[in-house]
>>> print(open('my_file14.tsv').read())   # TSV, C-alpha atoms and all ligand atoms
chain	number	residue	atom	x	y	z
A	1	MET	CA	25.32	1.08	-217.44
A	2	PRO	CA	23.79	1.04	-213.98
A	3	GLU	CA	20.01	0.57	-214.08
A	4	LEU	CA	17.50	0.75	-211.23
A	5	PRO	CA	18.76	-2.33	-209.30
A	6	GLU	CA	22.39	-1.15	-209.42
A	7	VAL	CA	21.50	2.43	-208.41
A	8	GLU	CA	19.24	1.16	-205.62
A	9	THR	CA	22.06	-1.10	-204.39
A	10	VAL	CA	24.45	1.87	-204.34
A	11	ARG	CA	21.78	3.96	-202.55
A	12	ARG	CA	21.37	1.32	-199.83
A	13	SER	CA	25.12	0.93	-199.42
A	14	LEU	CA	25.45	4.72	-199.07
A	15	GLU	CA	22.72	4.67	-196.41
A	16	ARG	CA	24.80	2.21	-194.43
A	17	ALA	CA	27.97	4.26	-194.90
A	18	ILE	CA	26.96	7.91	-194.45
A	19	LEU	CA	23.38	8.28	-193.11
A	20	GLY	CA	23.52	10.59	-190.09
A	21	ALA	CA	27.11	11.63	-190.80
A	22	ARG	CA	28.12	15.30	-191.03
A	23	VAL	CA	30.00	16.63	-194.06
A	24	GLU	CA	33.21	18.23	-192.80
A	25	ARG	CA	34.93	19.03	-196.06
A	26	ALA	CA	34.48	18.57	-199.77
A	27	ALA	CA	36.67	19.05	-202.81
A	28	LEU	CA	35.75	19.24	-206.46
A	29	HIS	CA	38.55	18.13	-208.73
A	30	ARG	CA	36.80	18.53	-212.09
A	31	ALA	CA	34.39	21.47	-212.23
A	32	ASP	CA	32.70	20.34	-215.45
A	33	VAL	CA	31.11	17.28	-213.83
A	34	LEU	CA	28.98	19.55	-211.60
A	35	THR	CA	25.91	21.59	-212.48
A	36	GLY	CA	24.81	24.22	-209.96
A	37	ASP	CA	26.55	25.65	-206.89
A	38	ALA	CA	30.11	24.27	-206.92
A	39	GLY	CA	30.93	25.90	-203.58
A	40	PRO	CA	30.82	24.33	-200.09
A	41	ASP	CA	27.04	24.89	-199.81
A	42	GLY	CA	26.31	22.99	-203.01
A	43	LEU	CA	28.59	20.15	-201.91
A	44	LEU	CA	26.65	19.88	-198.60
A	45	VAL	CA	29.53	21.01	-196.36
A	46	GLY	CA	28.31	21.52	-192.78
A	47	ALA	CA	25.14	19.46	-193.25
A	48	ARG	CA	24.13	16.16	-191.74
A	49	ILE	CA	23.01	13.43	-194.19
A	50	ALA	CA	19.28	12.93	-193.57
A	51	SER	CA	18.28	10.58	-196.40
A	52	LEU	CA	19.27	8.99	-199.68
A	53	ALA	CA	16.63	9.46	-202.38
A	54	ARG	CA	16.18	7.64	-205.69
A	55	HIS	CA	13.92	7.87	-208.73
A	56	GLY	CA	14.61	5.50	-211.62
A	57	LYS	CA	18.35	5.49	-212.30
A	58	HIS	CA	18.82	8.80	-210.45
A	59	MET	CA	19.99	9.10	-206.85
A	60	ALA	CA	20.52	12.00	-204.46
A	61	ILE	CA	21.98	12.73	-201.06
A	62	VAL	CA	19.58	14.89	-199.01
A	63	ALA	CA	20.82	16.91	-196.04
A	64	ASP	CA	18.95	17.73	-192.83
A	65	ASP	CA	18.69	21.40	-193.85
A	66	GLY	CA	17.06	20.42	-197.16
A	67	ARG	CA	20.04	20.79	-199.51
A	68	ALA	CA	20.23	18.03	-202.10
A	69	LEU	CA	23.05	16.66	-204.23
A	70	GLU	CA	22.20	14.38	-207.13
A	71	ILE	CA	24.84	11.85	-208.05
A	72	HIS	CA	24.10	10.40	-211.48
A	73	LEU	CA	26.18	7.35	-212.32
A	74	GLY	CA	25.64	7.56	-216.10
A	75	MET	CA	27.63	4.82	-217.84
A	76	SER	CA	30.66	4.36	-215.60
A	77	GLY	CA	30.06	6.47	-212.49
A	78	ALA	CA	30.85	5.06	-209.05
A	79	VAL	CA	30.65	6.21	-205.45
A	80	ARG	CA	33.01	4.61	-202.96
A	81	CYS	CA	33.23	5.06	-199.20
A	82	GLU	CA	36.11	4.01	-197.01
A	83	ALA	CA	37.43	4.76	-193.55
A	84	ALA	CA	39.46	7.98	-193.67
A	85	ARG	CA	42.92	7.72	-192.21
A	86	ASP	CA	43.02	11.26	-190.84
A	87	ALA	CA	40.93	14.41	-190.74
A	88	GLU	CA	43.08	16.24	-193.27
A	89	SER	CA	43.08	13.67	-196.00
A	90	LEU	CA	40.81	14.16	-199.00
A	91	GLY	CA	43.09	12.48	-201.45
A	92	PRO	CA	45.42	11.68	-202.81
A	93	TRP	CA	43.94	12.70	-206.15
A	94	GLU	CA	46.89	11.06	-207.82
A	95	ALA	CA	45.40	7.69	-206.90
A	96	SER	CA	43.06	8.06	-209.89
A	97	GLU	CA	42.63	10.76	-212.47
A	98	HIS	CA	38.96	9.73	-212.73
A	99	VAL	CA	38.05	10.75	-209.15
A	100	HIS	CA	36.16	14.01	-209.73
A	101	ALA	CA	34.96	14.89	-206.22
A	102	ALA	CA	35.56	13.80	-202.62
A	103	TRP	CA	33.91	14.37	-199.28
A	104	LEU	CA	35.15	13.85	-195.73
A	105	LEU	CA	32.32	12.94	-193.37
A	106	ARG	CA	32.18	12.35	-189.64
A	107	ALA	CA	29.73	9.74	-188.37
A	108	SER	CA	27.98	10.13	-185.00
A	109	SER	CA	30.36	7.44	-183.69
A	110	GLY	CA	33.23	9.81	-184.43
A	111	ALA	CA	34.57	7.67	-187.27
A	112	ARG	CA	35.56	9.55	-190.41
A	113	VAL	CA	34.47	8.38	-193.84
A	114	LEU	CA	36.02	9.36	-197.15
A	115	MET	CA	33.49	9.33	-200.00
A	116	ARG	CA	34.67	9.66	-203.60
A	117	PHE	CA	32.84	10.07	-206.90
A	118	SER	CA	34.57	8.76	-209.99
A	119	ASP	CA	33.36	8.58	-213.58
A	120	PRO	CA	35.92	7.67	-216.26
A	121	ARG	CA	33.55	8.11	-219.21
A	122	ARG	CA	31.84	11.20	-217.73
A	123	PHE	CA	28.27	10.45	-218.82
A	124	GLY	CA	27.27	10.90	-215.19
A	125	GLY	CA	27.76	13.90	-212.95
A	126	LEU	CA	26.71	15.95	-209.93
A	127	TRP	CA	23.77	18.37	-209.66
A	128	THR	CA	23.27	20.62	-206.63
A	129	PHE	CA	19.96	21.99	-205.34
A	130	PRO	CA	18.88	24.19	-202.41
A	131	SER	CA	16.10	21.69	-201.64
A	132	GLU	CA	14.88	18.21	-202.47
A	133	ALA	CA	11.72	19.83	-203.90
A	134	ALA	CA	13.84	21.82	-206.37
A	135	LEU	CA	15.69	18.66	-207.36
A	136	ARG	CA	12.44	16.81	-208.02
A	137	ALA	CA	10.87	19.74	-209.88
A	138	GLU	CA	13.88	20.57	-212.05
A	139	ARG	CA	15.34	17.12	-212.72
A	140	TRP	CA	13.10	14.23	-211.77
A	141	SER	CA	9.74	15.62	-212.91
A	142	ARG	CA	10.77	14.83	-216.50
A	143	LEU	CA	10.95	11.13	-215.64
A	144	GLY	CA	8.06	8.70	-215.78
A	145	PRO	CA	6.90	6.76	-212.71
A	146	ASP	CA	9.59	4.75	-210.92
A	147	ALA	CA	9.71	1.20	-212.30
A	148	LEU	CA	9.44	-0.42	-208.83
A	149	THR	CA	6.15	1.30	-208.05
A	150	ILE	CA	4.58	2.01	-211.45
A	151	GLY	CA	0.91	1.09	-211.71
A	152	ALA	CA	-0.56	-0.89	-214.59
A	153	GLU	CA	-2.66	2.17	-215.54
A	154	ASP	CA	0.41	4.39	-215.99
A	155	LEU	CA	2.22	1.69	-217.93
A	156	ALA	CA	-0.82	1.14	-220.14
A	157	ALA	CA	-1.01	4.88	-220.87
A	158	GLY	CA	2.67	4.95	-221.84
A	159	LEU	CA	2.29	1.99	-224.18
A	160	ARG	CA	-0.97	3.19	-225.76
A	161	GLY	CA	0.49	6.38	-227.20
A	162	ALA	CA	3.65	4.81	-228.57
A	163	ARG	CA	4.22	3.96	-232.23
A	164	ARG	CA	7.35	2.03	-231.37
A	165	ALA	CA	8.47	-1.47	-230.52
A	166	LEU	CA	7.59	-2.58	-226.98
A	167	LYS	CA	11.28	-2.85	-225.99
A	168	ALA	CA	11.96	0.71	-227.20
A	169	VAL	CA	9.16	2.09	-225.00
A	170	LEU	CA	10.48	0.28	-221.91
A	171	LEU	CA	13.84	2.04	-222.45
A	172	ASP	CA	12.10	5.46	-222.57
A	173	GLN	CA	12.74	7.04	-219.15
A	174	THR	CA	9.81	9.45	-219.62
A	175	VAL	CA	7.44	6.46	-219.74
A	176	ILE	CA	8.97	4.29	-217.01
A	177	ALA	CA	12.04	5.34	-215.02
A	178	GLY	CA	14.78	2.85	-214.17
A	179	VAL	CA	14.61	0.15	-216.85
A	180	GLY	CA	17.59	-0.11	-219.20
A	181	ASN	CA	18.80	-2.72	-221.65
A	182	ILE	CA	19.41	-5.57	-219.20
A	183	TYR	CA	16.14	-5.39	-217.30
A	184	ALA	CA	14.01	-4.62	-220.36
A	185	ASP	CA	15.12	-7.90	-221.95
A	186	GLU	CA	14.80	-9.84	-218.69
A	187	SER	CA	11.36	-8.39	-217.87
A	188	LEU	CA	10.02	-9.10	-221.37
A	189	PHE	CA	11.20	-12.70	-221.10
A	190	ALA	CA	9.59	-13.03	-217.67
A	191	ALA	CA	6.34	-11.60	-219.10
A	192	ARG	CA	6.58	-13.84	-222.21
A	193	LEU	CA	6.16	-10.79	-224.47
A	194	SER	CA	8.07	-10.18	-227.70
A	195	PRO	CA	10.34	-7.10	-227.63
A	196	VAL	CA	9.69	-6.39	-231.33
A	197	ARG	CA	5.90	-6.23	-231.25
A	198	SER	CA	4.14	-2.89	-231.34
A	199	ALA	CA	3.79	-1.28	-227.90
A	200	ARG	CA	0.30	-0.10	-228.83
A	201	GLY	CA	-0.87	-3.66	-229.30
A	202	VAL	CA	-0.05	-4.63	-225.70
A	203	ARG	CA	-3.32	-4.36	-223.80
A	204	GLY	CA	-5.39	-5.56	-220.88
A	205	GLU	CA	-4.07	-8.66	-219.17
A	206	GLU	CA	-0.71	-8.38	-220.98
A	207	VAL	CA	-0.04	-4.96	-219.45
A	208	GLY	CA	-0.63	-6.31	-215.94
A	209	ARG	CA	1.63	-9.27	-216.70
A	210	LEU	CA	4.36	-6.95	-217.98
A	211	ARG	CA	4.09	-4.63	-214.99
A	212	ASP	CA	4.29	-7.57	-212.56
A	213	ALA	CA	7.27	-9.03	-214.46
A	214	ILE	CA	9.15	-5.70	-214.36
A	215	VAL	CA	8.61	-5.27	-210.61
A	216	ALA	CA	9.47	-8.90	-209.82
A	217	THR	CA	12.60	-8.85	-212.00
A	218	LEU	CA	13.85	-5.59	-210.51
A	219	CYS	CA	13.15	-6.78	-206.93
A	220	ARG	CA	15.09	-10.01	-207.49
A	221	ALA	CA	17.96	-8.02	-209.01
A	222	VAL	CA	18.03	-5.59	-206.06
A	223	GLU	CA	18.13	-8.57	-203.66
A	224	ALA	CA	21.15	-9.90	-205.61
A	225	GLY	CA	22.91	-6.53	-205.46
A	226	GLY	CA	22.42	-5.79	-209.18
A	227	SER	CA	24.34	-7.10	-212.17
A	228	THR	CA	28.10	-6.73	-212.56
A	229	LEU	CA	29.05	-7.41	-216.17
A	230	ARG	CA	32.50	-8.46	-217.34
A	231	ASP	CA	33.06	-5.15	-219.11
A	232	GLY	CA	31.06	-3.03	-216.64
A	233	GLY	CA	32.87	-3.15	-213.33
A	234	TYR	CA	29.87	-1.84	-211.36
A	235	ALA	CA	30.09	-2.15	-207.57
A	236	ASP	CA	28.33	-0.59	-204.57
A	237	ALA	CA	29.76	2.04	-202.21
A	238	ALA	CA	31.61	-0.64	-200.25
A	239	GLY	CA	33.12	-2.11	-203.43
A	240	ALA	CA	30.85	-5.19	-203.48
A	241	GLU	CA	29.90	-6.49	-206.93
A	242	GLY	CA	26.42	-7.68	-207.90
A	243	ALA	CA	25.42	-11.31	-208.46
A	244	TYR	CA	22.30	-11.05	-210.62
A	245	GLN	CA	24.23	-11.53	-213.89
A	246	ALA	CA	24.23	-15.28	-213.12
A	247	SER	CA	20.42	-15.22	-213.26
A	248	HIS	CA	20.07	-13.51	-216.66
A	249	ALA	CA	17.72	-15.60	-218.79
A	250	VAL	CA	18.29	-13.78	-222.08
A	251	TYR	CA	20.44	-10.63	-221.71
A	252	GLY	CA	23.94	-11.25	-223.08
A	253	ARG	CA	22.96	-14.80	-224.18
A	254	GLY	CA	22.29	-14.22	-227.90
A	255	GLY	CA	22.93	-17.42	-229.90
A	256	GLU	CA	22.74	-19.57	-226.76
A	257	THR	CA	19.76	-21.79	-226.03
A	258	CYS	CA	16.65	-20.75	-224.12
A	259	ARG	CA	16.67	-22.19	-220.61
A	260	GLU	CA	12.92	-22.78	-220.81
A	261	CYS	CA	12.45	-24.39	-224.21
A	262	GLY	CA	15.92	-25.06	-225.66
A	263	ARG	CA	15.41	-22.95	-228.78
A	264	ARG	CA	18.30	-20.74	-229.92
A	265	LEU	CA	17.82	-17.16	-228.64
A	266	ARG	CA	17.38	-14.44	-231.25
A	267	THR	CA	19.32	-11.16	-231.39
A	268	ALA	CA	18.36	-7.91	-233.10
A	269	VAL	CA	18.84	-4.20	-232.58
A	270	VAL	CA	15.62	-2.76	-231.12
A	271	GLY	CA	15.33	0.81	-229.90
A	272	GLY	CA	19.01	1.27	-230.76
A	273	ARG	CA	20.08	-1.49	-228.36
A	274	THR	CA	21.10	-5.11	-228.80
A	275	THR	CA	18.09	-7.18	-227.83
A	276	VAL	CA	17.91	-10.89	-227.05
A	277	TRP	CA	14.72	-12.94	-226.81
A	278	CYS	CA	13.22	-16.37	-227.35
A	279	ALA	CA	10.95	-16.38	-230.39
A	280	ARG	CA	9.05	-19.38	-229.00
A	281	CYS	CA	8.56	-18.38	-225.35
A	282	GLN	CA	7.99	-14.76	-226.37
A	283	ALA	CA	6.02	-15.37	-229.54
A	284	ALA	CA	4.10	-12.40	-230.94
A	285	PRO	CA	0.35	-13.05	-230.99
A	286	ALA	CA	-0.99	-14.39	-234.27
A	287	ARG	CA	-2.71	-11.78	-236.42
A	288	ARG	CA	-6.46	-12.11	-236.36
A	289	ARG	CA	-7.97	-12.68	-239.80
A	290	PRO	CA	-11.56	-11.89	-240.60
A	291	VAL	CA	-13.61	-15.07	-240.75
A	292	GLY	CA	-14.91	-16.14	-244.19
A	301	ZN	ZN	12.19	-20.34	-225.02
>>> encode(input="my_file14.tsv", output="C-alpha cells")
Amino acid sequence: MPELPEVETVRRSLERAILGARVERAALHRADVLTGDAGPDGLLVGARIASLARHGKHMAIVADDGRALEIHLGMSGAVRCEAARDAESLGPWEASEHVHAAWLLRASSGARVLMRFSDPRRFGGLWTFPSEAALRAERWSRLGPDALTIGAEDLAAGLRGARRALKAVLLDQTVIAGVGNIYADESLFAARLSPVRSARGVRGEEVGRLRDAIVATLCRAVEAGGSTLRDGGYADAAGAEGAYQASHAVYGRGGETCRECGRRLRTAVVGGRTTVWCARCQAAPARRRPVG
C-alpha cells in the first residue's frame, strides 16, 4: 500500500502534470468511491489547479477558488495523467473497469491532459470539500503530525502513552501520519531499535534517534520515487515506478541475512503486520536488575 514516499512521489508528479491547468470536464464512473458533492463543483470543474497538498498518506488537489478534492490511494489506488487526444475524450471507460473518475484539463500552454483515478480494490476514494480548511478540519485533523516534519517532542508524547509494541505505534496514523509497514521496519532498522519492545520504554536519546531515522529513511525513499513491490504495481502519475525497494534493509527480507552483521533476519507479526528485523543490530536493551 502506498505510504508517505509513494504518495509524495505521486503528489510531485501531479504538480508537474496539472499545476496551473484548468479543469474543463469531469466524469464520475462509480459514485460510491466519492464522498461529498459528486457534481461538477465537487469535481473541481471550472477551477484552476493552484496546489497539491499532502498530509501523511493523504493527498489533495486544491483549486484557486479554494475547492479541494482529496484523492486517497488506499491499497491499490492510482492517478495517471496523459496527453488527451481531443477535447471530447474522457474515456474510453471500457479501457479499464477499475477507472472510477476522469478529468480533462487544459494547461496554460493549451495542451490538454487526461487525468484518471483507478482503484481496483477500492480501499481508496475521493472526498470533496468547499475549501482546503474544511478538508483539513474534517479529514486530516484526525491524523498525527506528518512523518517528514514530526518533532521529537510529538513523537515522544505518542510513544509515552502507548501500551503497545513500538512497531504498532509507528503504524498508528493518529500518532505519526505517513508511516506504514515498509517504512516502519526500515526506520526501526536505521534507528537500531527493536520493533517488539514496548513503545513506552523508548525514551530520551532513543526517541531523537528514531525521529531522525524516520525522516532520513522517508527522504531517501522520496528521492528514489518510493518503493514498487512485485505484487504492488505502484507508479506515479506519469507511470514511473519507484526504485527504493532495492535499498530495503529488512522489509520483505525475512529469513535472509542482515546486510550489517550477517545474522538471519527474524520475522513475526507485530501490530497485525508481518515484521522483519535483526535481533542483533536491533537488540532490545537488557533489563536492569537491582544491584545486590
Ligand atoms: Zn544485523
>>> closest_residue(input="my_file14.tsv", among="A:Cys261, A:Ile18, A:Met1, A:Ile214", to="Ser109 in chain A", atoms="only C-alpha atoms")
A:Ile18
>>> closest_residue(input="my_file14.tsv", among="A:Val99, A:Ala191, A:Ala147, A:Leu69", to="Leu135 in chain A", atoms="all atoms listed in the file")
A:Leu69
>>> residues_near_point(input="my_file14.tsv", point="(3.6, 9.3, -224.0)", cutoff="12 Å", atoms="all atoms listed in the file", output="list in words")
Arg142, Leu143, Gly144, Asp154, Leu155, Ala156, Ala157, Gly158, Leu159, Arg160, Gly161, Ala162, Arg163, Arg164, Val169, Leu170, Asp172, Gln173, Thr174, Val175, Ile176, Ala199 and Arg200 of chain A
>>> residues_near_point(input="my_file14.tsv", point="(26.2, -2.2, -205.3)", cutoff="7 Å", atoms="all atoms listed in the file", output="ChimeraX atom specification")
/A:6,9-10,13,225-226,235-237,240-242
>>> residues_around(input="my_file14.tsv", residues="Phe129 in chain A", least_positions_apart="5", cutoff="12 Å", atoms="only C-alpha atoms", output="list in words")
Leu34, Thr35, Gly36, Asp37, Ala38, Gly39, Asp41, Gly42, Leu43, Leu44, Ala60, Ile61, Val62, Ala63, Asp65, Gly66, Arg67, Ala68, Leu69, Glu70, Ile71, Ala134, Leu135, Arg136, Ala137, Glu138 and Arg139 of chain A
>>> closest_residue(input="my_file14.tsv", among="A:Ala268, A:Ala107, A:Ala249, A:Ala31", to="ligand ZN 301 (chain A)", atoms="all atoms listed in the file")
A:Ala249
>>> closest_residue(input="my_file14.tsv", among="A:Arg259, A:Arg253, A:Arg266, A:His248", to="ligand ZN 301 (chain A)", atoms="all atoms listed in the file")
A:Arg259
>>> residues_around(input="my_file14.tsv", residues="range 274-280 of chain A", least_positions_apart="4", cutoff="8 Å", atoms="all atoms listed in the file", output="number ranges by chain")
A: 181, 185, 189, 194-195, 250-254, 258, 261, 263-270, 284
